[in-house]
file model_27.tsv (TSV, C-alpha atoms)
chain	number	residue	atom	x	y	z
X	1	MET	CA	0.00	0.00	0.00
X	2	PRO	CA	1.43	3.44	-0.85
X	3	TYR	CA	2.11	5.66	2.11
X	4	PHE	CA	-0.56	8.19	1.12
X	5	LEU	CA	-3.36	5.60	1.34
X	6	VAL	CA	-5.10	4.73	4.59
X	7	ALA	CA	-7.40	1.74	4.66
X	8	TYR	CA	-10.47	3.13	6.40
X	9	CYS	CA	-10.51	6.90	5.94
X	10	GLY	CA	-9.28	6.68	2.37
X	11	THR	CA	-6.79	8.89	0.57
X	12	ALA	CA	-5.45	11.88	2.43
X	13	SER	CA	-7.51	15.03	2.01
X	14	VAL	CA	-6.06	18.24	0.60
X	15	PRO	CA	-7.29	21.78	1.27
X	16	ASP	CA	-9.25	21.91	-2.00
X	17	ASP	CA	-11.43	18.90	-1.17
X	18	PHE	CA	-11.47	19.03	2.63
X	19	TRP	CA	-15.17	19.89	3.03
X	20	LEU	CA	-16.20	17.25	0.51
X	21	ARG	CA	-14.60	14.33	2.37
X	22	TRP	CA	-17.46	13.03	4.53
X	23	ASN	CA	-17.46	9.37	5.51
X	24	ALA	CA	-20.68	7.61	4.48
X	25	ASP	CA	-19.77	4.11	5.67
X	26	PRO	CA	-23.22	2.47	6.13
X	27	LEU	CA	-22.09	0.21	8.98
X	28	LEU	CA	-20.66	3.17	10.89
X	29	LEU	CA	-23.78	5.26	10.29
X	30	ALA	CA	-25.96	2.35	11.42
X	31	ALA	CA	-23.93	1.99	14.62
X	32	LEU	CA	-24.21	5.70	15.39
X	33	ALA	CA	-27.95	5.60	14.63
X	34	ALA	CA	-28.33	2.64	17.01
X	35	LEU	CA	-26.52	4.52	19.77
X	36	ALA	CA	-28.69	7.60	19.16
X	37	PHE	CA	-31.81	5.41	19.31
X	38	VAL	CA	-30.73	3.92	22.66
X	39	VAL	CA	-30.17	7.41	24.08
X	40	TRP	CA	-33.46	8.68	22.64
X	41	ARG	CA	-35.36	5.74	24.16
X	42	GLY	CA	-33.98	6.53	27.60
X	43	GLY	CA	-31.42	3.74	27.69
X	44	SER	CA	-28.72	6.01	29.12
X	45	VAL	CA	-28.47	7.31	32.66
X	46	ASN	CA	-27.52	10.76	31.39
X	47	ALA	CA	-29.09	11.65	28.02
X	48	ARG	CA	-27.02	14.81	27.54
X	49	ALA	CA	-23.80	12.87	27.91
X	50	GLY	CA	-25.12	10.20	25.54
X	51	TRP	CA	-26.04	12.74	22.87
X	52	ALA	CA	-22.72	14.57	23.26
X	53	ALA	CA	-20.79	11.30	22.85
X	54	THR	CA	-22.80	10.45	19.73
X	55	VAL	CA	-22.14	13.86	18.18
X	56	LEU	CA	-18.41	13.70	18.92
X	57	MET	CA	-18.15	10.23	17.39
X	58	ALA	CA	-19.81	11.61	14.28
X	59	VAL	CA	-17.24	14.41	14.25
X	60	ILE	CA	-14.22	12.11	14.39
X	61	PHE	CA	-15.52	9.25	12.21
X	62	VAL	CA	-17.98	10.87	9.76
X	63	SER	CA	-16.85	14.47	9.32
X	64	PRO	CA	-13.88	15.52	7.10
X	65	LEU	CA	-11.65	15.05	10.15
X	66	CYS	CA	-11.49	11.36	9.20
X	67	ALA	CA	-9.86	12.08	5.83
X	68	LEU	CA	-7.69	14.82	7.36
X	69	SER	CA	-6.33	12.26	9.81
X	70	SER	CA	-5.08	10.32	6.77
X	71	ALA	CA	-3.06	13.39	5.79
X	72	LEU	CA	-1.73	14.65	9.11
X	73	PHE	CA	-0.46	12.82	12.16
X	74	ALA	CA	-1.56	15.86	14.18
X	75	ALA	CA	-5.16	15.31	13.03
X	76	ARG	CA	-4.91	11.63	13.95
X	77	VAL	CA	-3.69	12.53	17.44
X	78	ALA	CA	-6.51	15.07	17.79
X	79	HIS	CA	-8.90	12.28	16.77
X	80	HIS	CA	-7.47	10.00	19.46
X	81	ILE	CA	-7.62	12.72	22.11
X	82	ILE	CA	-11.30	13.33	21.39
X	83	LEU	CA	-11.93	9.58	21.45
X	84	ILE	CA	-10.28	8.79	24.80
X	85	ALA	CA	-10.59	12.09	26.67
X	86	ALA	CA	-14.06	13.26	25.55
X	87	VAL	CA	-16.10	10.42	24.02
X	88	ALA	CA	-14.98	7.85	26.60
X	89	PRO	CA	-15.86	9.89	29.73
X	90	LEU	CA	-19.18	10.95	28.21
X	91	LEU	CA	-20.02	7.29	27.53
X	92	ALA	CA	-18.95	6.43	31.08
X	93	ILE	CA	-21.39	9.04	32.41
X	94	ALA	CA	-24.17	7.97	30.07
X	95	PHE	CA	-23.72	4.22	30.64
X	96	PRO	CA	-22.19	3.57	34.07
X	97	MET	CA	-21.61	0.03	35.28
X	98	PRO	CA	-23.53	-1.47	38.19
X	99	ARG	CA	-21.57	-0.80	41.37
X	100	ARG	CA	-20.33	-4.40	41.79
X	101	VAL	CA	-19.09	-4.78	38.22
X	102	TYR	CA	-16.25	-2.24	38.23
X	103	PRO	CA	-12.83	-3.87	37.67
X	104	PRO	CA	-9.90	-2.72	39.86
X	105	LEU	CA	-8.82	0.75	38.77
X	106	VAL	CA	-5.03	0.29	38.81
X	107	PRO	CA	-4.83	-2.49	36.18
X	108	VAL	CA	-7.41	-0.72	34.01
X	109	VAL	CA	-5.33	2.48	34.02
X	110	ALA	CA	-2.21	0.44	33.22
X	111	VAL	CA	-3.86	-1.40	30.33
X	112	HIS	CA	-5.17	1.86	28.89
X	113	ALA	CA	-1.69	3.38	29.13
X	114	CYS	CA	-0.24	0.38	27.30
X	115	PHE	CA	-2.72	0.76	24.47
X	116	ILE	CA	-1.92	4.48	24.11
X	117	TRP	CA	1.82	3.83	23.93
X	118	LEU	CA	1.54	0.78	21.68
X	119	TRP	CA	-0.75	2.42	19.11
X	120	HIS	CA	1.51	5.48	18.92
X	121	ALA	CA	4.67	3.45	18.40
X	122	PRO	CA	5.58	4.17	14.74
X	123	GLY	CA	5.49	0.58	13.49
X	124	LEU	CA	2.23	-0.44	15.18
X	125	TYR	CA	0.67	2.91	14.28
X	126	ALA	CA	1.42	2.29	10.60
X	127	TRP	CA	0.00	-1.23	10.86
X	128	GLY	CA	-3.15	0.16	12.49
X	129	LEU	CA	-3.79	2.26	9.39
X	130	SER	CA	-2.94	-0.46	6.88
X	131	THR	CA	-6.20	-2.45	6.91
X	132	VAL	CA	-9.77	-1.84	8.00
X	133	PRO	CA	-9.68	-4.55	10.73
X	134	ALA	CA	-6.42	-3.12	12.12
X	135	TYR	CA	-7.89	0.37	12.08
X	136	TRP	CA	-10.95	-0.68	14.07
X	137	LEU	CA	-8.82	-2.75	16.45
X	138	MET	CA	-6.94	0.46	17.20
X	139	GLN	CA	-10.13	2.45	17.74
X	140	ILE	CA	-11.93	-0.19	19.83
X	141	THR	CA	-9.00	-0.90	22.14
X	142	LEU	CA	-8.33	2.80	22.73
X	143	LEU	CA	-11.99	3.62	23.33
X	144	GLY	CA	-12.79	0.46	25.28
X	145	SER	CA	-9.88	0.77	27.70
X	146	ALA	CA	-10.55	4.50	28.15
X	147	TRP	CA	-14.23	3.82	28.77
X	148	LEU	CA	-13.41	1.28	31.50
X	149	MET	CA	-10.92	3.68	33.07
X	150	TRP	CA	-13.36	6.59	33.13
X	151	ARG	CA	-16.12	4.36	34.52
X	152	GLY	CA	-13.80	3.44	37.36
X	153	ILE	CA	-12.81	7.05	37.96
X	154	PHE	CA	-16.46	8.12	38.14
X	155	SER	CA	-17.53	5.12	40.23
X	156	PRO	CA	-19.06	6.11	43.59
X	157	SER	CA	-17.20	3.18	45.17
X	158	VAL	CA	-13.77	4.55	44.20
X	159	GLN	CA	-12.12	6.85	46.70
X	160	THR	CA	-11.40	10.42	45.61
X	161	GLY	CA	-7.65	9.95	46.08
X	162	ALA	CA	-7.56	6.87	43.86
X	163	ALA	CA	-9.54	8.60	41.11
X	164	LEU	CA	-7.23	11.61	41.23
X	165	MET	CA	-4.13	9.41	41.11
X	166	ALA	CA	-5.51	7.66	38.02
X	167	LEU	CA	-5.97	11.03	36.32
X	168	VAL	CA	-2.51	12.24	37.35
X	169	ALA	CA	-0.90	9.03	36.10
X	170	THR	CA	-2.67	9.35	32.76
X	171	ILE	CA	-1.67	13.00	32.38
X	172	GLY	CA	1.91	12.06	33.26
X	173	HIS	CA	2.41	9.22	30.81
X	174	MET	CA	0.59	11.00	27.97
X	175	GLY	CA	2.68	14.10	28.58
X	176	LEU	CA	5.84	11.99	28.47
X	177	LEU	CA	4.76	10.36	25.20
X	178	GLY	CA	3.90	13.76	23.74
X	179	ALA	CA	7.30	15.14	24.75
X	180	LEU	CA	9.11	12.19	23.17
X	181	ILE	CA	7.20	12.77	19.94
X	182	VAL	CA	7.94	16.53	20.00
X	183	PHE	CA	11.68	16.10	20.57
X	184	ALA	CA	12.24	13.16	18.22
X	185	PRO	CA	15.09	14.26	15.91
X	186	ALA	CA	13.48	12.85	12.76
X	187	PRO	CA	9.97	12.14	11.46
X	188	LEU	CA	8.82	8.67	12.50
X	189	TYR	CA	5.27	8.23	11.25
X	190	PHE	CA	5.81	7.25	7.62
X	191	PRO	CA	2.12	6.91	6.58
X	192	HIS	CA	2.11	10.74	6.50
X	193	PHE	CA	5.47	11.39	4.83
X	194	ALA	CA	3.93	12.22	1.44
X	195	THR	CA	0.79	14.00	2.64
X	196	THR	CA	1.81	16.89	4.91
X	197	ALA	CA	3.19	19.22	2.22
X	198	ALA	CA	-0.29	20.00	0.88
X	199	TRP	CA	-1.09	21.48	4.30
X	200	GLY	CA	2.10	23.56	4.48
X	201	LEU	CA	3.87	21.28	6.95
X	202	THR	CA	6.92	19.08	6.81
X	203	PRO	CA	6.54	15.57	8.26
X	204	LEU	CA	8.66	16.63	11.25
X	205	ALA	CA	6.58	19.78	11.88
X	206	ASP	CA	3.40	17.71	11.66
X	207	GLN	CA	4.85	15.25	14.17
X	208	GLN	CA	5.88	18.04	16.53
X	209	LEU	CA	2.40	19.56	16.38
X	210	ALA	CA	0.93	16.15	17.19
X	211	GLY	CA	3.24	15.80	20.16
X	212	LEU	CA	2.26	19.23	21.47
X	213	LEU	CA	-1.41	18.30	21.22
X	214	MET	CA	-0.82	15.17	23.28
X	215	TRP	CA	1.52	16.91	25.70
X	216	VAL	CA	-0.53	20.06	26.39
X	217	LEU	CA	-4.05	19.98	24.95
X	218	ALA	CA	-4.85	16.41	25.97
X	219	MET	CA	-4.36	17.13	29.66
X	220	ILE	CA	-7.21	19.67	29.82
X	221	PRO	CA	-10.11	17.16	30.08
X	222	TYR	CA	-8.26	15.22	32.79
X	223	LEU	CA	-7.53	18.41	34.75
X	224	VAL	CA	-11.18	19.47	34.52
X	225	ALA	CA	-12.34	16.04	35.66
X	226	GLY	CA	-9.81	16.06	38.51
X	227	LEU	CA	-10.92	19.49	39.72
X	228	ARG	CA	-14.56	18.44	39.69
X	229	ILE	CA	-13.83	15.21	41.56
X	230	ALA	CA	-11.67	17.03	44.12
X	231	TRP	CA	-14.36	19.69	44.62
X	232	SER	CA	-17.04	17.05	45.07
X	233	GLY	CA	-14.84	15.23	47.58
X	234	LEU	CA	-14.31	18.41	49.58
X	235	ARG	CA	-18.04	19.16	49.64
X	236	ILE	CA	-18.84	15.64	50.86
X	237	SER	CA	-16.20	15.84	53.60
X	238	GLU	CA	-17.36	19.25	54.87
X	239	PRO	CA	-19.06	18.96	58.27
X	240	HIS	CA	-22.75	19.85	58.20
X	241	PRO	CA	-23.88	22.53	60.66
call {"tool": "encode", "arguments": {"input": "model_27.tsv", "output": "C-alpha cells"}}
result
Amino acid sequence: MPYFLVAYCGTASVPDDFWLRWNADPLLLAALAALAFVVWRGGSVNARAGWAATVLMAVIFVSPLCALSSALFAARVAHHIILIAAVAPLLAIAFPMPRRVYPPLVPVVAVHACFIWLWHAPGLYAWGLSTVPAYWLMQITLLGSAWLMWRGIFSPSVQTGAALMALVATIGHMGLLGALIVFAPAPLYFPHFATTAAWGLTPLADQQLAGLLMWVLAMIPYLVAGLRIAWSGLRISEPHP
C-alpha cells in the first residue's frame, strides 16, 4: 500500500477537497444511529452525555476530520484525544456500570496506558492504518480501555484519592509520550510522509504539532475532571452545621 493511502478513511484530504470528504460508511452510520436510538429511548443514565458522545463520534468518524487524519499525524492525534478524553468519559457518564461490576482501577489504568503507547509506536501505528480490521482494532481498544478507566474514575465506590491518582498518572504518561514525539530528531510516522506538504507542513513539523497536542491539549479534560472530583470530595467531607 502506498504511504498516502489509509485503509479506512481513504486517501489523504487536501485543502481543496477538505469539506467534501465526509465518511458515508453504512455500517458506521448504522452503529451511530443505534446509539442515538438507545439514548433517545432513555437507555442512558444521562441523556445529555449520551447525545454529546454520539455527536463527537460523528465528528471524528464521519466528518472531514477522518480524511484529514489520513493526511496529518496531528489530526490523527486530535482524533485519538477526542476519542479517549471526551467520548470515553461521556459514555462512562451515560452508561455507568452497576456498582459491583467495576474492575480494579489500577490495572485498568495500566492497560489503557499500554494501548496508548503501543498504538503510537511508529510501526504499530502504521499497521493500524494499513487495513480496516487493524484500524478498528486500534479504535476499539483505545476507546474500550478508556471507557473502562473513566467508569472506574467516576464510580461512587472509588475513593477520591484513587480517582485523582488515576488522572494524574494518565496525564503524566501522555505528557511523556507527547514530549518524546515533539523532541524526536526525525519524522517517524511514515504513513504521513507524502501528505503533509499539501497542508504547508513538513513531516517533522506535523509530528511536533501532534506531540504538542498530546503533551498540552490532551491534559485539559483530565484536569477538569480532577478538579470536579476534588471539589465534590471536599463538599462531601465538609461537616454539616
call {"tool": "closest_residue", "arguments": {"input": "model_27.tsv", "among": "X:Ala31, X:Asp17, X:Leu188, X:Ala36", "to": "Ala121 of chain X", "atoms": "only C-alpha atoms"}}
result
X:Leu188
call {"tool": "closest_residue", "arguments": {"input": "model_27.tsv", "among": "X:Ile93, X:Met165, X:Val224, X:Ala7", "to": "Ala67 of chain X", "atoms": "only C-alpha atoms"}}
result
X:Ala7
call {"tool": "residues_around", "arguments": {"input": "model_27.tsv", "residues": "Trp147 of chain X", "least_positions_apart": "5", "cutoff": "7 Å", "atoms": "all atoms listed in the file", "output": "number ranges by chain"}}
result
X: 88-89, 91-92
call {"tool": "closest_residue", "arguments": {"input": "model_27.tsv", "among": "X:Ile229, X:Ala197, X:Ala33, X:Ile181", "to": "His120 of chain X", "atoms": "only C-alpha atoms"}}
result
X:Ile181
call {"tool": "closest_residue", "arguments": {"input": "model_27.tsv", "among": "X:Ala86, X:Leu137, X:Ala126, X:Ala198", "to": "Trp150 of chain X", "atoms": "all atoms listed in the file"}}
result
X:Ala86
call {"tool": "closest_residue", "arguments": {"input": "model_27.tsv", "among": "X:Asn23, X:Ser44, X:Ser157, X:Thr131", "to": "Cys66 of chain X", "atoms": "all atoms listed in the file"}}
result
X:Asn23
call {"tool": "build_atoms", "arguments": {"input": "model_27.tsv", "residues": "segment 107-118 of chain X", "atoms": "all heavy atoms", "output": "PDB file, in the coordinates of the input"}}
result
ATOM      1  N   PRO X 107      -5.135  -1.779  37.430  1.00  0.00           N
ATOM      2  CA  PRO X 107      -4.830  -2.490  36.180  1.00  0.00           C
ATOM      3  C   PRO X 107      -5.526  -1.909  34.959  1.00  0.00           C
ATOM      4  O   PRO X 107      -4.988  -1.956  33.848  1.00  0.00           O
ATOM      5  CB  PRO X 107      -5.300  -3.930  36.462  1.00  0.00           C
ATOM      6  CG  PRO X 107      -6.206  -3.836  37.625  1.00  0.00           C
ATOM      7  CD  PRO X 107      -5.744  -2.667  38.429  1.00  0.00           C
ATOM      8  N   VAL X 108      -6.719  -1.339  35.138  1.00  0.00           N
ATOM      9  CA  VAL X 108      -7.410  -0.720  34.010  1.00  0.00           C
ATOM     10  C   VAL X 108      -6.635   0.486  33.499  1.00  0.00           C
ATOM     11  O   VAL X 108      -6.459   0.667  32.286  1.00  0.00           O
ATOM     12  CB  VAL X 108      -8.845  -0.316  34.413  1.00  0.00           C
ATOM     13  CG1 VAL X 108      -9.485   0.559  33.340  1.00  0.00           C
ATOM     14  CG2 VAL X 108      -9.703  -1.552  34.647  1.00  0.00           C
ATOM     15  N   VAL X 109      -6.140   1.330  34.412  1.00  0.00           N
ATOM     16  CA  VAL X 109      -5.330   2.480  34.020  1.00  0.00           C
ATOM     17  C   VAL X 109      -4.051   2.019  33.316  1.00  0.00           C
ATOM     18  O   VAL X 109      -3.638   2.596  32.308  1.00  0.00           O
ATOM     19  CB  VAL X 109      -4.984   3.341  35.254  1.00  0.00           C
ATOM     20  CG1 VAL X 109      -3.990   4.444  34.891  1.00  0.00           C
ATOM     21  CG2 VAL X 109      -6.248   3.950  35.854  1.00  0.00           C
ATOM     22  N   ALA X 110      -3.447   0.957  33.830  1.00  0.00           N
ATOM     23  CA  ALA X 110      -2.210   0.440  33.220  1.00  0.00           C
ATOM     24  C   ALA X 110      -2.460  -0.103  31.819  1.00  0.00           C
ATOM     25  O   ALA X 110      -1.672   0.141  30.896  1.00  0.00           O
ATOM     26  CB  ALA X 110      -1.611  -0.638  34.120  1.00  0.00           C
ATOM     27  N   VAL X 111      -3.547  -0.850  31.654  1.00  0.00           N
ATOM     28  CA  VAL X 111      -3.860  -1.400  30.330  1.00  0.00           C
ATOM     29  C   VAL X 111      -4.142  -0.280  29.339  1.00  0.00           C
ATOM     30  O   VAL X 111      -3.681  -0.311  28.187  1.00  0.00           O
ATOM     31  CB  VAL X 111      -5.064  -2.364  30.427  1.00  0.00           C
ATOM     32  CG1 VAL X 111      -5.586  -2.718  29.040  1.00  0.00           C
ATOM     33  CG2 VAL X 111      -4.670  -3.626  31.178  1.00  0.00           C
ATOM     34  N   HIS X 112      -4.891   0.731  29.775  1.00  0.00           N
ATOM     35  CA  HIS X 112      -5.170   1.860  28.890  1.00  0.00           C
ATOM     36  C   HIS X 112      -3.884   2.574  28.489  1.00  0.00           C
ATOM     37  O   HIS X 112      -3.699   2.933  27.318  1.00  0.00           O
ATOM     38  CB  HIS X 112      -6.128   2.824  29.585  1.00  0.00           C
ATOM     39  CG  HIS X 112      -6.475   4.033  28.773  1.00  0.00           C
ATOM     40  ND1 HIS X 112      -6.956   3.947  27.480  1.00  0.00           N
ATOM     41  CD2 HIS X 112      -6.401   5.367  29.048  1.00  0.00           C
ATOM     42  CE1 HIS X 112      -7.174   5.160  27.011  1.00  0.00           C
ATOM     43  NE2 HIS X 112      -6.830   6.033  27.928  1.00  0.00           N
ATOM     44  N   ALA X 113      -2.977   2.753  29.438  1.00  0.00           N
ATOM     45  CA  ALA X 113      -1.690   3.380  29.130  1.00  0.00           C
ATOM     46  C   ALA X 113      -0.913   2.554  28.103  1.00  0.00           C
ATOM     47  O   ALA X 113      -0.313   3.110  27.169  1.00  0.00           O
ATOM     48  CB  ALA X 113      -0.869   3.548  30.408  1.00  0.00           C
ATOM     49  N   CYS X 114      -0.937   1.239  28.266  1.00  0.00           N
ATOM     50  CA  CYS X 114      -0.240   0.380  27.300  1.00  0.00           C
ATOM     51  C   CYS X 114      -0.802   0.538  25.899  1.00  0.00           C
ATOM     52  O   CYS X 114      -0.035   0.615  24.922  1.00  0.00           O
ATOM     53  CB  CYS X 114      -0.330  -1.078  27.746  1.00  0.00           C
ATOM     54  SG  CYS X 114       0.665  -1.486  29.206  1.00  0.00           S
ATOM     55  N   PHE X 115      -2.123   0.596  25.789  1.00  0.00           N
ATOM     56  CA  PHE X 115      -2.720   0.760  24.470  1.00  0.00           C
ATOM     57  C   PHE X 115      -2.331   2.108  23.849  1.00  0.00           C
ATOM     58  O   PHE X 115      -2.057   2.191  22.650  1.00  0.00           O
ATOM     59  CB  PHE X 115      -4.246   0.640  24.549  1.00  0.00           C
ATOM     60  CG  PHE X 115      -4.740  -0.774  24.593  1.00  0.00           C
ATOM     61  CD1 PHE X 115      -5.640  -1.183  25.557  1.00  0.00           C
ATOM     62  CD2 PHE X 115      -4.308  -1.705  23.661  1.00  0.00           C
ATOM     63  CE1 PHE X 115      -6.097  -2.492  25.599  1.00  0.00           C
ATOM     64  CE2 PHE X 115      -4.754  -3.022  23.688  1.00  0.00           C
ATOM     65  CZ  PHE X 115      -5.657  -3.415  24.676  1.00  0.00           C
ATOM     66  N   ILE X 116      -2.303   3.172  24.639  1.00  0.00           N
ATOM     67  CA  ILE X 116      -1.920   4.480  24.110  1.00  0.00           C
ATOM     68  C   ILE X 116      -0.485   4.437  23.580  1.00  0.00           C
ATOM     69  O   ILE X 116      -0.203   4.907  22.466  1.00  0.00           O
ATOM     70  CB  ILE X 116      -2.066   5.564  25.194  1.00  0.00           C
ATOM     71  CG1 ILE X 116      -3.549   5.806  25.510  1.00  0.00           C
ATOM     72  CG2 ILE X 116      -1.404   6.873  24.747  1.00  0.00           C
ATOM     73  CD1 ILE X 116      -3.780   6.778  26.650  1.00  0.00           C
ATOM     74  N   TRP X 117       0.421   3.877  24.357  1.00  0.00           N
ATOM     75  CA  TRP X 117       1.820   3.830  23.930  1.00  0.00           C
ATOM     76  C   TRP X 117       2.008   2.892  22.740  1.00  0.00           C
ATOM     77  O   TRP X 117       2.746   3.222  21.801  1.00  0.00           O
ATOM     78  CB  TRP X 117       2.707   3.405  25.101  1.00  0.00           C
ATOM     79  CG  TRP X 117       2.989   4.541  26.036  1.00  0.00           C
ATOM     80  CD1 TRP X 117       2.122   5.085  26.956  1.00  0.00           C
ATOM     81  CD2 TRP X 117       4.198   5.282  26.134  1.00  0.00           C
ATOM     82  NE1 TRP X 117       2.729   6.121  27.624  1.00  0.00           N
ATOM     83  CE2 TRP X 117       3.995   6.265  27.151  1.00  0.00           C
ATOM     84  CE3 TRP X 117       5.430   5.225  25.486  1.00  0.00           C
ATOM     85  CZ2 TRP X 117       4.996   7.167  27.498  1.00  0.00           C
ATOM     86  CZ3 TRP X 117       6.424   6.123  25.847  1.00  0.00           C
ATOM     87  CH2 TRP X 117       6.202   7.091  26.839  1.00  0.00           C
ATOM     88  N   LEU X 118       1.364   1.740  22.776  1.00  0.00           N
ATOM     89  CA  LEU X 118       1.540   0.780  21.680  1.00  0.00           C
ATOM     90  C   LEU X 118       1.025   1.344  20.359  1.00  0.00           C
ATOM     91  O   LEU X 118       1.706   1.241  19.325  1.00  0.00           O
ATOM     92  CB  LEU X 118       0.799  -0.518  22.009  1.00  0.00           C
ATOM     93  CG  LEU X 118       1.453  -1.412  23.072  1.00  0.00           C
ATOM     94  CD1 LEU X 118       0.532  -2.568  23.422  1.00  0.00           C
ATOM     95  CD2 LEU X 118       2.800  -1.936  22.583  1.00  0.00           C
TER      96      LEU X 118
END
